[in-house]
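Containing compact mmCIF, C-alpha atoms and all ligand atoms: protein-v3.txt.
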```
# COMPACT_ATOMS: atom_id res chain seq x y z
CA MET D 1 142.46 83.98 85.63
CA LEU D 2 142.21 83.19 89.35
CA PRO D 3 138.90 83.85 91.16
CA ASP D 4 138.98 87.13 93.15
CA ASP D 5 138.98 85.37 96.52
CA ALA D 6 141.98 83.23 95.51
CA VAL D 7 143.83 86.36 94.30
CA LYS D 8 143.06 88.00 97.66
CA ILE D 9 144.68 85.05 99.45
CA ALA D 10 147.79 85.14 97.22
CA ASP D 11 148.11 88.91 97.81
CA GLY D 12 147.57 88.41 101.54
CA ILE D 13 150.40 85.85 101.75
CA ARG D 14 152.73 88.06 99.66
CA ASP D 15 152.20 91.19 101.79
CA MET D 16 152.12 89.19 105.07
CA ARG D 17 148.55 89.85 106.14
CA ILE D 18 148.46 86.05 106.07
CA ARG D 19 151.64 84.80 107.74
CA GLY D 20 153.20 81.99 109.76
CA ALA D 21 154.10 78.82 107.85
CA GLY D 22 151.07 76.77 108.94
CA GLN D 23 148.53 79.48 108.11
CA ILE D 24 150.27 80.20 104.79
CA ALA D 25 149.87 76.53 103.78
CA ARG D 26 146.24 76.30 104.89
CA SER D 27 145.34 79.53 103.08
CA ALA D 28 147.15 78.52 99.88
CA VAL D 29 145.30 75.21 99.85
CA GLU D 30 142.04 77.07 100.49
CA ALA D 31 142.85 79.22 97.42
CA LEU D 32 143.17 76.02 95.36
CA GLU D 33 139.82 74.85 96.71
CA ILE D 34 138.22 78.19 95.77
CA THR D 35 139.72 77.90 92.27
CA ALA D 36 138.40 74.36 91.87
CA ARG D 37 134.91 75.30 93.05
CA ALA D 38 134.74 78.37 90.78
CA SER D 39 136.12 76.66 87.67
CA LYS D 40 133.99 76.78 84.53
CA ALA D 41 136.40 74.52 82.63
CA SER D 42 134.80 72.56 79.83
CA ASP D 43 137.16 69.59 80.08
CA VAL D 44 139.61 67.90 82.45
CA LYS D 45 142.68 69.40 80.75
CA GLU D 46 141.37 72.95 81.07
CA PHE D 47 140.55 72.30 84.75
CA MET D 48 144.09 71.01 85.40
CA ASP D 49 145.56 74.07 83.62
CA GLU D 50 143.55 76.39 85.87
CA LEU D 51 144.67 74.61 89.05
CA THR D 52 148.28 74.54 87.84
CA ASP D 53 148.12 78.30 87.15
CA ALA D 54 146.76 78.90 90.65
CA SER D 55 149.56 76.73 92.10
CA GLN D 56 152.19 78.74 90.23
CA THR D 57 150.81 82.05 91.52
CA LEU D 58 150.66 80.76 95.10
CA LEU D 59 154.15 79.22 94.97
CA ARG D 60 155.63 82.58 93.98
CA THR D 61 154.19 84.45 96.98
CA ARG D 62 156.76 83.55 99.67
CA PRO D 63 159.71 81.25 99.08
CA THR D 64 160.82 79.91 102.49
CA ALA D 65 157.86 78.24 104.22
CA VAL D 66 158.09 74.67 102.88
CA SER D 67 154.56 74.03 104.12
CA LEU D 68 153.33 76.07 101.14
CA PRO D 69 154.70 73.80 98.35
CA ASN D 70 153.96 70.74 100.51
CA GLY D 71 150.31 71.81 100.89
CA ILE D 72 149.97 72.48 97.17
CA ARG D 73 151.75 69.21 96.39
CA TYR D 74 149.31 67.33 98.66
CA VAL D 75 146.34 68.53 96.62
CA MET D 76 147.92 68.56 93.15
CA HIS D 77 149.41 65.10 93.48
CA ARG D 78 145.99 63.62 94.24
CA VAL D 79 144.21 65.64 91.55
CA GLY D 80 146.96 64.94 88.99
CA LYS D 81 146.75 61.18 89.58
CA SER D 82 142.96 61.20 89.23
CA ALA D 83 143.04 63.40 86.10
CA GLU D 84 144.31 60.42 84.09
CA THR D 85 141.07 58.51 84.65
CA ALA D 86 138.52 61.20 85.58
CA LYS D 87 135.42 61.13 83.43
CA SER D 88 134.24 64.69 84.11
CA VAL D 89 135.30 68.06 85.47
CA ASP D 90 132.84 67.62 88.33
CA GLU D 91 134.50 64.37 89.38
CA LEU D 92 137.89 66.09 89.47
CA ARG D 93 136.47 69.14 91.22
CA ASN D 94 135.14 66.92 94.01
CA ILE D 95 138.53 65.23 94.37
CA SER D 96 140.25 68.65 94.58
CA VAL D 97 137.83 69.99 97.17
CA GLU D 98 138.10 66.83 99.26
CA ALA D 99 141.92 66.84 99.13
CA ALA D 100 142.04 70.53 100.10
CA GLU D 101 139.60 70.08 102.97
CA THR D 102 141.49 67.02 104.24
CA PHE D 103 144.81 68.90 104.20
CA ILE D 104 143.34 71.87 106.08
CA GLU D 105 141.64 69.65 108.65
CA ASN D 106 144.78 67.53 109.19
CA ALA D 107 146.91 70.66 109.53
CA LYS D 108 144.67 72.08 112.24
CA THR D 109 144.63 68.77 114.09
CA ALA D 110 148.45 68.61 113.83
CA VAL D 111 148.85 71.95 115.62
CA GLN D 112 146.52 70.79 118.41
CA ARG D 113 148.34 67.44 118.73
CA ILE D 114 151.74 69.19 118.87
CA GLY D 115 150.32 71.31 121.67
CA GLU D 116 149.30 68.23 123.66
CA ILE D 117 152.59 66.39 123.08
CA GLY D 118 154.84 69.40 123.67
CA ALA D 119 152.98 70.46 126.82
CA ARG D 120 154.31 67.36 128.59
CA ARG D 121 157.82 68.79 128.32
CA ILE D 122 156.91 71.90 130.31
CA ILE D 123 157.01 71.74 134.09
CA ASP D 124 155.85 73.99 136.91
CA GLY D 125 158.14 76.96 137.44
CA ASP D 126 159.67 76.87 133.94
CA VAL D 127 160.84 80.07 132.34
CA LEU D 128 160.40 79.79 128.57
CA LEU D 129 161.63 81.97 125.75
CA THR D 130 160.03 82.20 122.32
CA HIS D 131 160.94 84.11 119.18
CA CYS D 132 158.56 85.42 116.49
CA ASN D 133 154.98 84.16 116.31
CA SER D 134 154.39 80.46 115.86
CA SER D 135 150.97 78.90 116.25
CA ALA D 136 152.60 75.50 116.90
CA ALA D 137 154.83 76.88 119.68
CA ILE D 138 151.88 78.81 121.13
CA SER D 139 149.78 75.65 121.05
CA VAL D 140 152.39 73.93 123.27
CA MET D 141 152.39 76.82 125.76
CA LYS D 142 148.60 77.20 125.82
CA ASN D 143 148.09 73.45 126.30
CA ALA D 144 150.59 73.39 129.15
CA TRP D 145 148.90 76.37 130.81
CA ALA D 146 145.43 74.87 130.33
CA SER D 147 146.62 71.67 132.04
CA GLY D 148 147.41 73.71 135.14
CA LYS D 149 151.17 74.19 134.83
CA LYS D 150 152.52 77.54 135.99
CA PHE D 151 155.34 79.14 134.01
CA GLU D 152 156.33 82.43 132.42
CA VAL D 153 157.52 83.37 128.95
CA PHE D 154 160.10 85.79 127.57
CA VAL D 155 158.88 86.98 124.17
CA THR D 156 161.28 88.71 121.78
CA GLU D 157 160.00 91.71 119.83
CA THR D 158 161.09 90.09 116.55
CA ARG D 159 162.15 93.02 114.45
CA PRO D 160 161.57 94.30 111.86
CA ARG D 161 157.91 93.15 111.70
CA PHE D 162 157.31 92.81 115.47
CA GLN D 163 155.55 89.44 115.34
CA GLY D 164 156.46 89.18 119.05
CA HIS D 165 153.63 91.63 119.76
CA ILE D 166 151.12 89.10 118.36
CA THR D 167 152.66 86.31 120.46
CA ALA D 168 152.61 88.46 123.61
CA THR D 169 148.96 89.38 123.06
CA THR D 170 147.91 85.76 122.46
CA LEU D 171 149.78 84.39 125.49
CA ARG D 172 148.54 87.21 127.68
CA LYS D 173 144.92 86.54 126.65
CA ALA D 174 145.44 82.92 127.73
CA GLY D 175 146.53 84.24 131.14
CA ILE D 176 150.24 83.37 130.75
CA PRO D 177 152.72 85.86 132.31
CA VAL D 178 154.82 87.49 129.57
CA THR D 179 157.97 89.59 129.59
CA MET D 180 158.77 91.24 126.26
CA ILE D 181 162.44 91.81 125.49
CA LEU D 182 164.52 93.29 122.69
CA ASP D 183 165.87 90.70 120.25
CA ASP D 184 169.33 91.93 121.22
CA ALA D 185 168.67 91.12 124.90
CA VAL D 186 168.32 87.36 124.38
CA ARG D 187 171.81 86.45 125.60
CA TYR D 188 171.49 88.85 128.55
CA PHE D 189 168.39 87.01 129.81
CA MET D 190 169.30 83.47 128.74
CA GLN D 191 170.67 82.55 132.16
CA GLU D 192 167.13 82.98 133.56
CA VAL D 193 165.58 80.72 130.90
CA ASP D 194 164.91 76.95 131.20
CA LYS D 195 163.66 76.16 127.70
CA VAL D 196 163.47 77.87 124.33
CA ILE D 197 160.48 76.98 122.20
CA VAL D 198 160.10 78.15 118.60
CA GLY D 199 158.19 77.22 115.45
CA ALA D 200 159.52 76.26 112.01
CA ASP D 201 159.20 77.40 108.44
CA ALA D 202 161.10 74.33 107.30
CA ILE D 203 162.99 71.34 108.67
CA THR D 204 165.72 69.95 106.43
CA ALA D 205 166.69 66.31 105.89
CA ASN D 206 169.65 66.65 108.30
CA GLY D 207 167.43 68.15 111.02
CA ALA D 208 168.32 71.83 110.62
CA LEU D 209 165.64 74.35 111.48
CA VAL D 210 164.69 77.22 109.16
CA ASN D 211 162.79 79.85 111.12
CA LYS D 212 162.49 83.61 111.65
CA ILE D 213 165.72 85.55 111.38
CA GLY D 214 167.42 85.57 114.76
CA THR D 215 166.37 82.03 115.70
CA SER D 216 169.92 80.73 115.16
CA MET D 217 171.34 83.41 117.49
CA VAL D 218 168.73 82.51 120.11
CA ALA D 219 169.75 78.84 119.75
CA LEU D 220 173.43 79.72 119.96
CA ALA D 221 172.88 81.68 123.18
CA ALA D 222 170.81 78.78 124.55
CA HIS D 223 173.52 76.28 123.65
CA GLU D 224 176.14 78.37 125.43
CA ALA D 225 173.94 78.57 128.55
CA LYS D 226 173.00 74.84 128.35
CA VAL D 227 169.34 75.73 127.85
CA LYS D 228 167.19 73.27 125.89
CA VAL D 229 165.85 74.29 122.47
CA TYR D 230 162.59 72.79 121.20
CA ALA D 231 161.20 73.31 117.70
CA ALA D 232 157.49 72.73 117.13
CA ALA D 233 156.95 71.63 113.53
CA GLU D 234 154.14 69.85 111.74
CA THR D 235 155.31 67.06 109.40
CA TYR D 236 154.27 69.11 106.33
CA LYS D 237 157.08 71.54 107.18
CA PHE D 238 159.75 68.93 106.43
CA SER D 239 161.42 69.65 103.10
CA PRO D 240 161.62 66.75 100.62
CA GLU D 241 163.84 68.80 98.30
CA THR D 242 166.59 68.78 100.94
CA MET D 243 166.72 64.96 100.64
CA ILE D 244 168.14 65.39 97.16
CA GLY D 245 170.59 68.13 98.08
CA ASP D 246 168.53 71.25 97.37
CA ARG D 247 168.67 74.05 99.90
CA VAL D 248 165.72 75.92 101.39
CA LYS D 249 165.57 79.36 99.79
CA ILE D 250 165.85 82.19 102.31
CA GLU D 251 163.53 85.09 101.56
CA GLU D 252 165.08 88.56 101.49
CA ARG D 253 162.56 91.30 102.03
CA ASP D 254 162.51 94.97 101.15
CA GLN D 255 164.89 97.40 102.86
CA SER D 256 161.94 99.64 103.78
CA GLU D 257 161.14 97.14 106.59
CA VAL D 258 164.50 98.04 108.16
CA ILE D 259 164.92 101.75 107.50
CA SER D 260 162.86 104.58 106.02
CA GLN D 261 163.91 106.19 102.75
CA LYS D 262 164.37 109.51 104.62
CA GLU D 263 166.75 108.00 107.18
CA LEU D 264 168.60 106.22 104.44
CA GLU D 265 169.12 109.47 102.55
CA HIS D 266 170.44 111.03 105.77
CA ILE D 267 173.00 108.24 106.30
CA GLY D 268 174.15 108.21 102.71
CA SER D 269 174.82 105.44 100.24
CA ILE D 270 174.84 102.15 102.17
CA LYS D 271 173.55 98.68 101.42
CA ILE D 272 170.71 97.20 103.54
CA ARG D 273 170.14 93.43 103.77
CA ASN D 274 166.93 92.02 105.21
CA PRO D 275 166.79 88.20 105.22
CA ALA D 276 163.53 87.07 106.84
CA PHE D 277 164.76 83.65 108.02
CA ASP D 278 167.93 81.85 109.09
CA VAL D 279 169.13 78.29 109.55
CA THR D 280 169.83 76.73 112.95
CA PRO D 281 172.08 73.64 112.66
CA PRO D 282 170.79 70.41 114.26
CA GLU D 283 173.53 70.53 116.95
CA TYR D 284 171.70 73.47 118.53
CA ILE D 285 168.29 71.81 118.67
CA ASP D 286 167.35 69.28 121.36
CA LEU D 287 163.98 68.12 120.10
CA ILE D 288 161.53 68.57 117.29
CA ILE D 289 157.92 68.25 118.39
CA THR D 290 155.73 66.92 115.56
CA GLU D 291 152.13 65.70 115.55
CA TRP D 292 153.53 62.15 115.29
CA GLY D 293 155.63 62.52 118.42
CA ILE D 294 158.93 63.94 119.58
CA ILE D 295 162.06 63.28 117.53
CA PRO D 296 165.72 64.27 117.78
CA PRO D 297 166.76 66.51 114.85
CA LEU D 298 168.60 63.62 113.21
CA GLY D 299 165.28 61.74 113.04
CA ALA D 300 164.04 64.29 110.45
CA ILE D 301 165.07 62.00 107.62
CA LEU D 302 162.80 59.26 108.99
CA ILE D 303 159.80 61.60 108.88
CA LEU D 304 160.69 62.58 105.32
CA GLN D 305 161.08 58.97 104.25
CA ASP D 306 157.75 58.14 105.84
CA VAL D 307 155.92 60.99 104.11
CA PHE D 308 157.66 60.95 100.74
CA GLY D 309 159.46 57.58 100.57
CA VAL D 310 163.10 57.20 99.62
CA ILE D 311 163.21 59.33 96.51
CA THR D 312 165.67 60.30 93.84
CA ALA D 313 165.74 63.70 92.14
CA GLU D 314 163.93 62.25 89.12
CA GLU D 315 161.23 60.69 91.28
CA LEU D 316 160.75 63.88 93.25
CA HIS D 317 160.21 65.86 90.07
CA GLU D 318 157.88 63.21 88.74
CA TYR D 319 156.06 63.12 92.06
CA GLN D 320 155.43 66.84 91.78
CA THR D 321 152.59 67.47 89.42
CA TYR D 322 153.80 71.02 88.89
CA GLU D 323 157.12 72.74 88.46
CA ILE D 324 157.92 76.23 89.69
CA GLU D 325 158.38 78.10 86.43
CA GLU D 326 161.20 80.60 86.24
CA ASP D 327 160.01 84.20 85.78
C1 LIG D 401 156.82 83.36 110.91
C2 LIG D 401 157.77 82.39 111.57
C3 LIG D 401 157.17 81.31 112.42
C4 LIG D 401 156.99 80.04 111.57
C5 LIG D 401 156.14 79.00 112.28
O1 LIG D 401 157.47 84.18 109.97
O2 LIG D 401 158.96 82.42 111.38
O3 LIG D 401 158.00 81.00 113.50
O4 LIG D 401 156.37 80.37 110.34
O5 LIG D 401 154.85 79.51 112.49
P1 LIG D 401 156.61 85.25 109.13
P2 LIG D 401 153.60 78.52 112.64
O6 LIG D 401 155.91 86.14 110.10
O7 LIG D 401 157.64 85.97 108.29
O8 LIG D 401 155.64 84.45 108.27
O9 LIG D 401 153.92 77.62 113.79
O10 LIG D 401 152.44 79.44 112.92
O11 LIG D 401 153.43 77.77 111.36
```
Here is a file; write its structure as structure tokens.
Amino acid sequence: MLPDDAVKIADGIRDMRIRGAGQIARSAVEALEITARASKASDVKEFMDELTDASQTLLRTRPTAVSLPNGIRYVMHRVGKSAETAKSVDELRNISVEAAETFIENAKTAVQRIGEIGARRIIDGDVLLTHCNSSAAISVMKNAWASGKKFEVFVTETRPRFQGHITATTLRKAGIPVTMILDDAVRYFMQEVDKVIVGADAITANGALVNKIGTSMVALAAHEAKVKVYAAAETYKFSPETMIGDRVKIEERDQSEVISQKELEHIGSIKIRNPAFDVTPPEYIDLIITEWGIIPPLGAILILQDVFGVITAEELHEYQTYEIEED
């Protein structure tokens, strides 16, 4: 049984009250911390079972943001290693809490650092375009604005959940001039744009970007118009599974986000598809801005090798201290 506050976090991620890959990871790790603090386990094995249960619940909430399993892996790997020698539940609890707090702290620092690094790529007079709502991309724009650069931003609505409204509000509050456009108007306006800047739910080993549905069309329009595309991505969004040939799972959400039941009945029997993310190939991305610096997409493998080492499928599975159980 998960503590109520951890259940609330899992529910919040599932129904998107908690959203955006970075925040999803930080909240999931916080849920592990809450579980560790609340545990009344009488021995180390029982404590590990409780944390593993919590990990399983959190991993099932949303499938695409790789930051979620990477955040859980960060904590569980450290706790799992220490469980072999830990003398008491309290010792292991402290290790869990410390690992969770370190991950959350590092993740926040990463977003700030990306902002500082990325801001250097923005110059006076730039017209930017962003899609969806990314705290990493916003950090770049806010840092650039705070350093005195003057620019404006096209913000897409980002249907069906309208995350563009959140982005527009945040940028506006920072004083940045915003023009909101329909997602479908991206190509129409692209000739006025100097740089596209978006966030990431995952970066694959070959440097592809997994982000909000529509990102690949934005990148395609930018490529055609010779406009630069920057992805802002913390290193915990790089997917180790893609090093061994796995693909990032694309979440498909309910049709009710696209059309009401009443409208659907009016139209008649049709199929609705609602993928929440898409994949932009590395050829359409100029730079990935990480907290370690700026890399070309094909440098993604170097980040992965640095974080996870050169690993085989067996090692990756061994490295994980949990497995996602099939339902
Ligand atoms: C959010 C989305 C964001 C990335 C990066 O999708 O696609 O661009 O998650 O965000 P959703 P951040 O609203 O479906 O979660 O930079 O904040 O991690």
Quiz prompt | Nearby residues (all atoms listed in the file) at most 8 Å from stretch 291-308 of chain D, same-chain spacing under 5 positions excluded, as a list of chain:residue names | solution = D:Ala110, D:Val111, D:Arg113, D:Ile114, D:Ile117, D:Gly118, D:Ile203, D:Thr204, D:Ala205, D:Asn206, D:Gly207, D:Ala208, D:Ala233, D:Glu234, D:Thr235, D:Phe238, D:Ser239, D:Pro240, D:Met243, D:Pro282, D:Ile285, D:Asp286
Name the residues, by chain letter and number, that sit within 8 Å of ligand LIG 401 (chain D) using all atoms listed in the file, and give them as a compact mmCIF listing (two decimals) with C-alpha atoms, in the frame of the given file.
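So the final result, stored in part00.txt, reads:
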```txt
# COMPACT_ATOMS: atom_id res chain seq x y z
CA MET D 16 152.12 89.19 105.07
CA ILE D 18 148.46 86.05 106.07
CA ARG D 19 151.64 84.80 107.74
CA GLY D 20 153.20 81.99 109.76
CA ALA D 21 154.10 78.82 107.85
CA GLY D 22 151.07 76.77 108.94
CA GLN D 23 148.53 79.48 108.11
CA ILE D 24 150.27 80.20 104.79
CA ALA D 65 157.86 78.24 104.22
CA VAL D 111 148.85 71.95 115.62
CA HIS D 131 160.94 84.11 119.18
CA CYS D 132 158.56 85.42 116.49
CA ASN D 133 154.98 84.16 116.31
CA SER D 134 154.39 80.46 115.86
CA SER D 135 150.97 78.90 116.25
CA ALA D 136 152.60 75.50 116.90
CA ALA D 137 154.83 76.88 119.68
CA ILE D 138 151.88 78.81 121.13
CA ARG D 161 157.91 93.15 111.70
CA GLN D 163 155.55 89.44 115.34
CA VAL D 198 160.10 78.15 118.60
CA GLY D 199 158.19 77.22 115.45
CA ALA D 200 159.52 76.26 112.01
CA ASP D 201 159.20 77.40 108.44
CA ASN D 211 162.79 79.85 111.12
CA LYS D 212 162.49 83.61 111.65
CA ILE D 213 165.72 85.55 111.38
CA ALA D 232 157.49 72.73 117.13
CA ALA D 233 156.95 71.63 113.53
CA GLU D 234 154.14 69.85 111.74
CA ALA D 276 163.53 87.07 106.84
CA PHE D 277 164.76 83.65 108.02
```
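Distance check against D:Val193 using all atoms listed in the file: of D:Leu92, D:Ala119, D:Val155, D:Val44, the minimum falls on D:Val155.
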Quiz prompt | Residue nearest D:Leu287 - candidates D:Leu264, D:Ile123, D:Ala231, D:Ile244, atoms counted: all atoms listed in the file | solution = D:Ala231
I'd like the contact shell of D:Ser88 - 10 Å cut-off, only C-alpha atoms, skipping same-chain residues fewer than 5 positions apart - returned as a tab-separated table (two decimals) with C-alpha atoms, in the frame of the given file.
```tsv
chain	number	residue	atom	x	y	z
D	42	SER	CA	134.80	72.56	79.83
D	43	ASP	CA	137.16	69.59	80.08
D	44	VAL	CA	139.61	67.90	82.45
D	47	PHE	CA	140.55	72.30	84.75
D	83	ALA	CA	143.04	63.40	86.10
D	93	ARG	CA	136.47	69.14	91.22
```
Quiz item: For D:Lys226, which residue out of D:Ile267, D:Val89, D:Leu51, D:Val196 is the nearest one, using all atoms listed in the file?
Solution: D:Val196
Quiz item: Nearest to D:Glu50: which of D:Glu192, D:Glu105, D:Glu116, D:Glu33 is it, counting only C-alpha atoms?
Solution: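 Result for the nearest residue to D:Glu50: D:Glu33.
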Practice problem: Compile the contact shell of D:Asp184 as an MDAnalysis selection string: residues with an atom at most 12 Å away, counting only C-alpha atoms, same-chain residues fewer than 6 positions apart removed. | Solution: chainID D and resid 131 155:159 190 214:215 217:218 221
Could you rebuild stretch 299-309 of chain D with all heavy atoms and give me the result as an mmCIF file, keeping the file's coordinate frame?
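As written to disk, selection.cif reads:
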```cif
data_model
loop_
_atom_site.group_PDB
_atom_site.id
_atom_site.type_symbol
_atom_site.label_atom_id
_atom_site.label_comp_id
_atom_site.auth_asym_id
_atom_site.auth_seq_id
_atom_site.Cartn_x
_atom_site.Cartn_y
_atom_site.Cartn_z
ATOM 1 N N GLY D 299 166.406 62.600 113.461
ATOM 2 C CA GLY D 299 165.280 61.740 113.040
ATOM 3 C C GLY D 299 164.460 62.374 111.918
ATOM 4 O O GLY D 299 163.516 61.750 111.415
ATOM 5 N N ALA D 300 164.828 63.589 111.496
ATOM 6 C CA ALA D 300 164.040 64.290 110.450
ATOM 7 C C ALA D 300 163.956 63.462 109.180
ATOM 8 O O ALA D 300 162.911 63.391 108.526
ATOM 9 C CB ALA D 300 164.668 65.654 110.155
ATOM 10 N N ILE D 301 165.050 62.793 108.858
ATOM 11 C CA ILE D 301 165.070 62.000 107.620
ATOM 12 C C ILE D 301 164.028 60.885 107.670
ATOM 13 O O ILE D 301 163.428 60.529 106.653
ATOM 14 C CB ILE D 301 166.510 61.458 107.348
ATOM 15 C CG1 ILE D 301 166.600 60.797 105.976
ATOM 16 C CG2 ILE D 301 166.984 60.491 108.410
ATOM 17 C CD1 ILE D 301 166.453 61.723 104.823
ATOM 18 N N LEU D 302 163.785 60.336 108.878
ATOM 19 C CA LEU D 302 162.800 59.260 108.990
ATOM 20 C C LEU D 302 161.392 59.774 108.687
ATOM 21 O O LEU D 302 160.591 59.104 108.041
ATOM 22 C CB LEU D 302 162.848 58.642 110.401
ATOM 23 C CG LEU D 302 164.200 58.055 110.810
ATOM 24 C CD1 LEU D 302 164.164 57.534 112.235
ATOM 25 C CD2 LEU D 302 164.595 56.930 109.851
ATOM 26 N N ILE D 303 161.111 60.997 109.174
ATOM 27 C CA ILE D 303 159.800 61.600 108.880
ATOM 28 C C ILE D 303 159.674 61.785 107.367
ATOM 29 O O ILE D 303 158.664 61.435 106.755
ATOM 30 C CB ILE D 303 159.669 62.984 109.579
ATOM 31 C CG1 ILE D 303 159.771 62.840 111.098
ATOM 32 C CG2 ILE D 303 158.399 63.706 109.138
ATOM 33 C CD1 ILE D 303 158.497 62.629 111.844
ATOM 34 N N LEU D 304 160.732 62.327 106.762
ATOM 35 C CA LEU D 304 160.690 62.580 105.320
ATOM 36 C C LEU D 304 160.501 61.286 104.533
ATOM 37 O O LEU D 304 159.731 61.231 103.575
ATOM 38 C CB LEU D 304 161.969 63.290 104.878
ATOM 39 C CG LEU D 304 161.939 64.807 105.117
ATOM 40 C CD1 LEU D 304 163.339 65.389 105.061
ATOM 41 C CD2 LEU D 304 161.039 65.487 104.098
ATOM 42 N N GLN D 305 161.206 60.244 104.970
ATOM 43 C CA GLN D 305 161.080 58.970 104.250
ATOM 44 C C GLN D 305 159.691 58.385 104.429
ATOM 45 O O GLN D 305 159.153 57.748 103.531
ATOM 46 C CB GLN D 305 162.162 57.990 104.717
ATOM 47 C CG GLN D 305 163.529 58.382 104.180
ATOM 48 C CD GLN D 305 164.654 57.525 104.720
ATOM 49 O OE1 GLN D 305 164.454 56.713 105.608
ATOM 50 N NE2 GLN D 305 165.842 57.724 104.195
ATOM 51 N N ASP D 306 159.103 58.636 105.601
ATOM 52 C CA ASP D 306 157.750 58.140 105.840
ATOM 53 C C ASP D 306 156.729 58.871 104.976
ATOM 54 O O ASP D 306 155.813 58.274 104.431
ATOM 55 C CB ASP D 306 157.402 58.346 107.319
ATOM 56 C CG ASP D 306 156.848 57.087 107.921
ATOM 57 O OD1 ASP D 306 157.524 56.046 107.792
ATOM 58 O OD2 ASP D 306 155.742 57.156 108.482
ATOM 59 N N VAL D 307 156.895 60.204 104.869
ATOM 60 C CA VAL D 307 155.920 60.990 104.110
ATOM 61 C C VAL D 307 156.140 60.833 102.603
ATOM 62 O O VAL D 307 155.197 60.680 101.836
ATOM 63 C CB VAL D 307 155.987 62.491 104.493
ATOM 64 C CG1 VAL D 307 154.980 63.311 103.682
ATOM 65 C CG2 VAL D 307 155.721 62.692 105.976
ATOM 66 N N PHE D 308 157.389 60.891 102.182
ATOM 67 C CA PHE D 308 157.660 60.950 100.740
ATOM 68 C C PHE D 308 158.336 59.698 100.175
ATOM 69 O O PHE D 308 158.555 59.609 98.973
ATOM 70 C CB PHE D 308 158.546 62.163 100.421
ATOM 71 C CG PHE D 308 157.897 63.467 100.775
ATOM 72 C CD1 PHE D 308 158.176 64.117 101.963
ATOM 73 C CD2 PHE D 308 156.973 64.047 99.919
ATOM 74 C CE1 PHE D 308 157.561 65.313 102.297
ATOM 75 C CE2 PHE D 308 156.348 65.242 100.238
ATOM 76 C CZ PHE D 308 156.647 65.879 101.435
ATOM 77 N N GLY D 309 158.737 58.749 101.045
ATOM 78 C CA GLY D 309 159.460 57.580 100.570
ATOM 79 C C GLY D 309 160.921 57.922 100.334
ATOM 80 O O GLY D 309 161.342 59.062 100.503
#
```
